[in-house]
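A.B. asks: Please find one structure pasted underneath; my questions will follow.
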Amino acid sequence: MTPPRVPVHRARRRLVQLAVVALLSAFVVPVLSASPASASGPLRTHAAARGKFIGFAAATSPLANEAAYRTIAQTEFNQITAENAMKWDATESSDNNWNFSGADQIVAFAAANNQQVHGHTLVWHSQTPGWVQGLGATAMRTAMQDHIATLAGRYANNASVVSWDVVNEVFDENGGFRSSFWYNTLGQSFIADAFRYARAADPDARLCINDYNVEGINAKSTAMYNLVQSLRAQNVPVDCVGFQGHLATQYGFPSDLQQNMQRFAALGVQVRVTELDVRIVMPRTSAKDTTQATYYSNVVNACMAVTACAGVTIWGFTDKYSWVPDTFPSEGAALLYDANYQQKPAYTAVHNALDNGTSDTQAPSTPSNLTASGITSSSVNLSWTASTDNVGVAGYDILRAPGTSGGSFTQVGTSTTASFSNTGLSANTSYRYQVRARDAAGNTSSVSSTVTVTTTGGTGDTQAPSTPSSLAAAGTTSSSTNLTWTASTDNVAVTGYDILRAPGTSGGTFTQVGTSTTASFSNTGLSANTSYRYQVRARDAAGNVSAVSNTVTVTTTGGGTGGGCSVTATVQTSWNGGYVMQPVTVTNTGTSAITSWTVTFTLPPNHSLVGQWNGVISTSGGTATAKNAPYNGSLAPGASTTFGFQVARPNGDGNTAYGFTCTTP
Ligand code: 9MR
């Protein structure tokens, strides 16, 4: 078990903090000269090459006023979180009295520098004004809904803002719900409500639950795991889990961070490190710098090793601006740069973990000969001469500005070939286009020449195709189904159909799973013994879309019969009073696929199950029965899956669970 850490969050008044900062800064003396910068290429280049983001929490004042701060912010990072500017007290200090200045400032900076923004945070017990805290249940829920709708809604169509912390820090250290004014007034339903309101406000944003001291496998992270699992089972739109990562060298590194992220990933959510910093007990020494650097590389390496980990956000980058000394007066120096913007060993550690020894810093050549053709009242086809690159061109960004001059270029699409069709334009309207090339390392070329396009008059086609009818499914196997429908008609011509699918027999949302140019579609890659709902809609060349067809529900067949299984169980960690068994590995030892498994085992007297993941465990007396989770029952011959659980036991009792046997189904 990770040793308990001092809670990292203290609610404080901003004014008090500012006073403390002023007081402390009178005593700040530079302690160490920073290590020389040996690393090549900025952090963001290497992160992008690995398909991840590397971000920082931005403070609005230096972002506006300090060139040195701005330069590092734009050069090194491809992701930004507002450290304070998007919180409730900053945005809606009294009911319906909005201030977006700081939030807009950060979003504009990110857009100008091709950085994604993670919104932080919609619902939190801290930094929320008194007027909210004092409301009765109905008014409080309404205030929450209004706040989410207005704030997340403001950026819903902004390409830079891609994700939100919907709820922040809802657990206490023992894994119970935090006794906040939210919980005390509304009960735990405020969490599901917040996610549903956020999805309604911005249907495309990735919606996260965020907390601290959940980096390792412990009671708090297991409570979070169980909550995310149960919310998703109820179709509450939780897409992502944020591990804040406020670490301190004196409390040890949570060595099961990667394993913990992996178990969340198995729930189908994205994971991310949202607020990383590694504080030390002052003063700095080179030994402490080295330990700190190791913590930073461990975190980055864990994220790199977990496919579902989107990236790492550091809670600031310079020790000049860090929350740590305000809250822990004898601690600090938690970030990558010292207070004079000199890189520390922690910077090099992050760089090397991202770089992984393979750095490509050469940008592709500039795309040339950009031309427009096939201009209609609502679309244009662009083509250009392909770029070249020392490693390979990974794709092109398509940029567009309004009118024939002025305005700014923003990205409207990407292409992996040297052409792009831009649809959804207004009739009789001018647009300017440019393209730039990127490579896998995230190096971007200069932009091409500009081409100006004016769409044709509004005599275009505005009539949608008729609705596809008689949608039916046939030939359903354990992994596929064939759909057919009666073709639509259109005043010009039907150009294709969108195939939409929702999970289960009710609930969930329909998302597009394919397209077809004929009145049939075969959907493969389905799970055995599983229900799905389908709809189709038709489109024409002008982008007009029909209503959706009738819904057809399909249940796939079982995935084979028979097959045996084996189980091996490992004690991952134990302490006086408890232990974690992980991984418990189930293997299909038969010759045909299985679709479910059951593991039984014995808990010694007075042992009780306190947490479980990737399986559904019930107990009766000392006998425990673990069945597969909905997503890990299907195993091909020879394939394995794992689950885990945590047990509490009497102090001084060294026994662990035993007698594991596996059967199918
Ligand atoms: O870094 C933030 C600091 O400037 C604020 O004064 C403080 C107020 O509570 O919040 C800090 O950021 C917190 C983040 O929003 C949520 N997780 C813990 C962070 C550190 O306290």
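Chain labels follow the order of the structure tokens: the first chain is A, the next B, and so on; residue numbering restarts at 1 in every chain, and ligands are counted from 1 in their shown order.
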If we count only C-alpha atoms, what is near Thr517 in chain A at a cut-off of 10 Å, once residues fewer than 3 positions away on the same chain are taken out, given as a PyMOL selection string?
C.D. replies: chain A and resi 494-498+520-521+538-539
A.B. asks: List as a PyMOL selection string the protein and nucleic acid residues near Leu186 in chain A, meaning an atom at most 8 Å away when only C-alpha atoms are counted, but skip any in the same chain fewer than 4 places from it.
C.D. replies: chain A and resi 137+141+182+190
A.B. asks: Atoms to include: all heavy atoms. Write the selected residues as an mmCIF file, in the first residue's frame.
C.D. replies:
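The new file result_7.cif reads:
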data_model
loop_
_atom_site.group_PDB
_atom_site.id
_atom_site.type_symbol
_atom_site.label_atom_id
_atom_site.label_comp_id
_atom_site.auth_asym_id
_atom_site.auth_seq_id
_atom_site.Cartn_x
_atom_site.Cartn_y
_atom_site.Cartn_z
ATOM 1 N N ALA A 137 -31.960 22.242 -2.145
ATOM 2 C CA ALA A 137 -31.640 21.194 -3.120
ATOM 3 C C ALA A 137 -32.063 21.557 -4.540
ATOM 4 O O ALA A 137 -31.276 21.483 -5.479
ATOM 5 C CB ALA A 137 -32.275 19.876 -2.701
ATOM 6 N N ARG A 141 -29.426 22.347 -7.622
ATOM 7 C CA ARG A 141 -29.307 21.541 -8.837
ATOM 8 C C ARG A 141 -29.480 22.425 -10.074
ATOM 9 O O ARG A 141 -28.769 22.307 -11.056
ATOM 10 C CB ARG A 141 -30.326 20.400 -8.821
ATOM 11 C CG ARG A 141 -30.036 19.341 -9.880
ATOM 12 C CD ARG A 141 -30.987 18.144 -9.832
ATOM 13 N NE ARG A 141 -30.813 17.317 -8.645
ATOM 14 C CZ ARG A 141 -31.625 17.296 -7.613
ATOM 15 N NH1 ARG A 141 -32.694 18.057 -7.583
ATOM 16 N NH2 ARG A 141 -31.394 16.512 -6.583
ATOM 17 N N TRP A 182 -22.213 19.901 -1.815
ATOM 18 C CA TRP A 182 -22.907 19.226 -2.921
ATOM 19 C C TRP A 182 -23.541 17.920 -2.430
ATOM 20 O O TRP A 182 -24.721 17.657 -2.629
ATOM 21 C CB TRP A 182 -21.932 18.889 -4.059
ATOM 22 C CG TRP A 182 -21.387 20.048 -4.807
ATOM 23 C CD1 TRP A 182 -20.087 20.475 -4.839
ATOM 24 C CD2 TRP A 182 -22.111 20.950 -5.663
ATOM 25 N NE1 TRP A 182 -19.967 21.578 -5.653
ATOM 26 C CE2 TRP A 182 -21.185 21.884 -6.167
ATOM 27 C CE3 TRP A 182 -23.453 21.048 -6.037
ATOM 28 C CZ2 TRP A 182 -21.565 22.910 -7.033
ATOM 29 C CZ3 TRP A 182 -23.834 22.063 -6.891
ATOM 30 C CH2 TRP A 182 -22.890 22.987 -7.376
ATOM 31 N N PHE A 190 -25.754 14.129 -7.523
ATOM 32 C CA PHE A 190 -25.222 15.323 -8.171
ATOM 33 C C PHE A 190 -24.127 14.942 -9.171
ATOM 34 O O PHE A 190 -23.911 15.648 -10.155
ATOM 35 C CB PHE A 190 -24.708 16.330 -7.123
ATOM 36 C CG PHE A 190 -23.297 16.117 -6.630
ATOM 37 C CD1 PHE A 190 -22.199 16.684 -7.286
ATOM 38 C CD2 PHE A 190 -23.056 15.343 -5.493
ATOM 39 C CE1 PHE A 190 -20.906 16.497 -6.812
ATOM 40 C CE2 PHE A 190 -21.767 15.151 -5.022
ATOM 41 C CZ PHE A 190 -20.682 15.727 -5.685
#
A.B. asks: Closest to Tyr197 in chain A among A:Asn218, A:Leu231, A:Val236, A:Lys288, using only C-alpha atoms?
C.D. replies: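 Of A:Asn218, A:Leu231, A:Val236, A:Lys288, the one nearest Tyr197 in chain A is A:Val236, counting only C-alpha atoms.
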A.B. asks: Can you list, as a ChimeraX atom specification, every protein, DNA or RNA residue that comes within 10 Å of Gln258 in chain A when you count only C-alpha atoms, leaving out same-chain residues fewer than 3 positions away?
C.D. replies: /A:215-217,254-255,261-263,298-306,309
A.B. asks: I need the residues from that last selection saved to file as a PDB file, in the first residue's frame (with C-alpha atoms), if you can.
C.D. replies:
ATOM      1  CA  GLU A 215      -2.526   7.364  -8.306  1.00  0.00           C
ATOM      2  CA  GLY A 216      -1.900   3.977  -6.647  1.00  0.00           C
ATOM      3  CA  ILE A 217      -4.312   1.120  -5.937  1.00  0.00           C
ATOM      4  CA  PRO A 254       3.026   5.052  -6.046  1.00  0.00           C
ATOM      5  CA  SER A 255       4.695   2.177  -7.851  1.00  0.00           C
ATOM      6  CA  MET A 261      -4.320   3.283 -14.829  1.00  0.00           C
ATOM      7  CA  GLN A 262      -4.613  -0.008 -16.677  1.00  0.00           C
ATOM      8  CA  ARG A 263      -7.504  -1.246 -14.545  1.00  0.00           C
ATOM      9  CA  ASN A 298       8.127   7.278 -13.734  1.00  0.00           C
ATOM     10  CA  VAL A 299       4.844   9.115 -14.270  1.00  0.00           C
ATOM     11  CA  VAL A 300       5.532   9.902 -17.932  1.00  0.00           C
ATOM     12  CA  ASN A 301       6.701   6.339 -18.593  1.00  0.00           C
ATOM     13  CA  ALA A 302       3.553   4.913 -16.977  1.00  0.00           C
ATOM     14  CA  CYS A 303       1.381   7.059 -19.240  1.00  0.00           C
ATOM     15  CA  MET A 304       3.417   6.063 -22.301  1.00  0.00           C
ATOM     16  CA  ALA A 305       2.939   2.379 -21.416  1.00  0.00           C
ATOM     17  CA  VAL A 306      -0.861   2.618 -21.138  1.00  0.00           C
ATOM     18  CA  CYS A 309      -3.477   7.341 -21.257  1.00  0.00           C
TER      19      CYS A 309
END
A.B. asks: Can you measure CA of Met86 in chain A to CA of Ser126 in chain A for me? One decimal in Å is fine.
C.D. replies: 12.8 Å
A.B. asks: Considering only C-alpha atoms and all ligand atoms, can you say which of A:His246, A:Arg206, A:His118, A:Arg196 comes closest to ligand 1?
C.D. replies: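 Nearest to ligand 1: A:His246.
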A.B. asks: Within 9 Å of Ser286 in chain A, counting only C-alpha atoms, which residues qualify if same-chain residues fewer than 3 places away don't, as a count of residues only?
C.D. replies: 5
A.B. asks: Smallest atom-to-atom distance to Ser221 in chain A: which of A:Gly543, A:Pro637, A:Gly611, A:Pro468, using only C-alpha atoms?
C.D. replies: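 Looking at the shortest contact to Ser221 in chain A, the residue is A:Gly611.
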A.B. asks: I need the residue nearest Asn576 in chain A from this list: A:Thr511, A:Ser163, A:Thr656, A:Ser180. Use only C-alpha atoms for the distance.
C.D. replies: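 Smallest separation from Asn576 in chain A among the options: A:Thr656.
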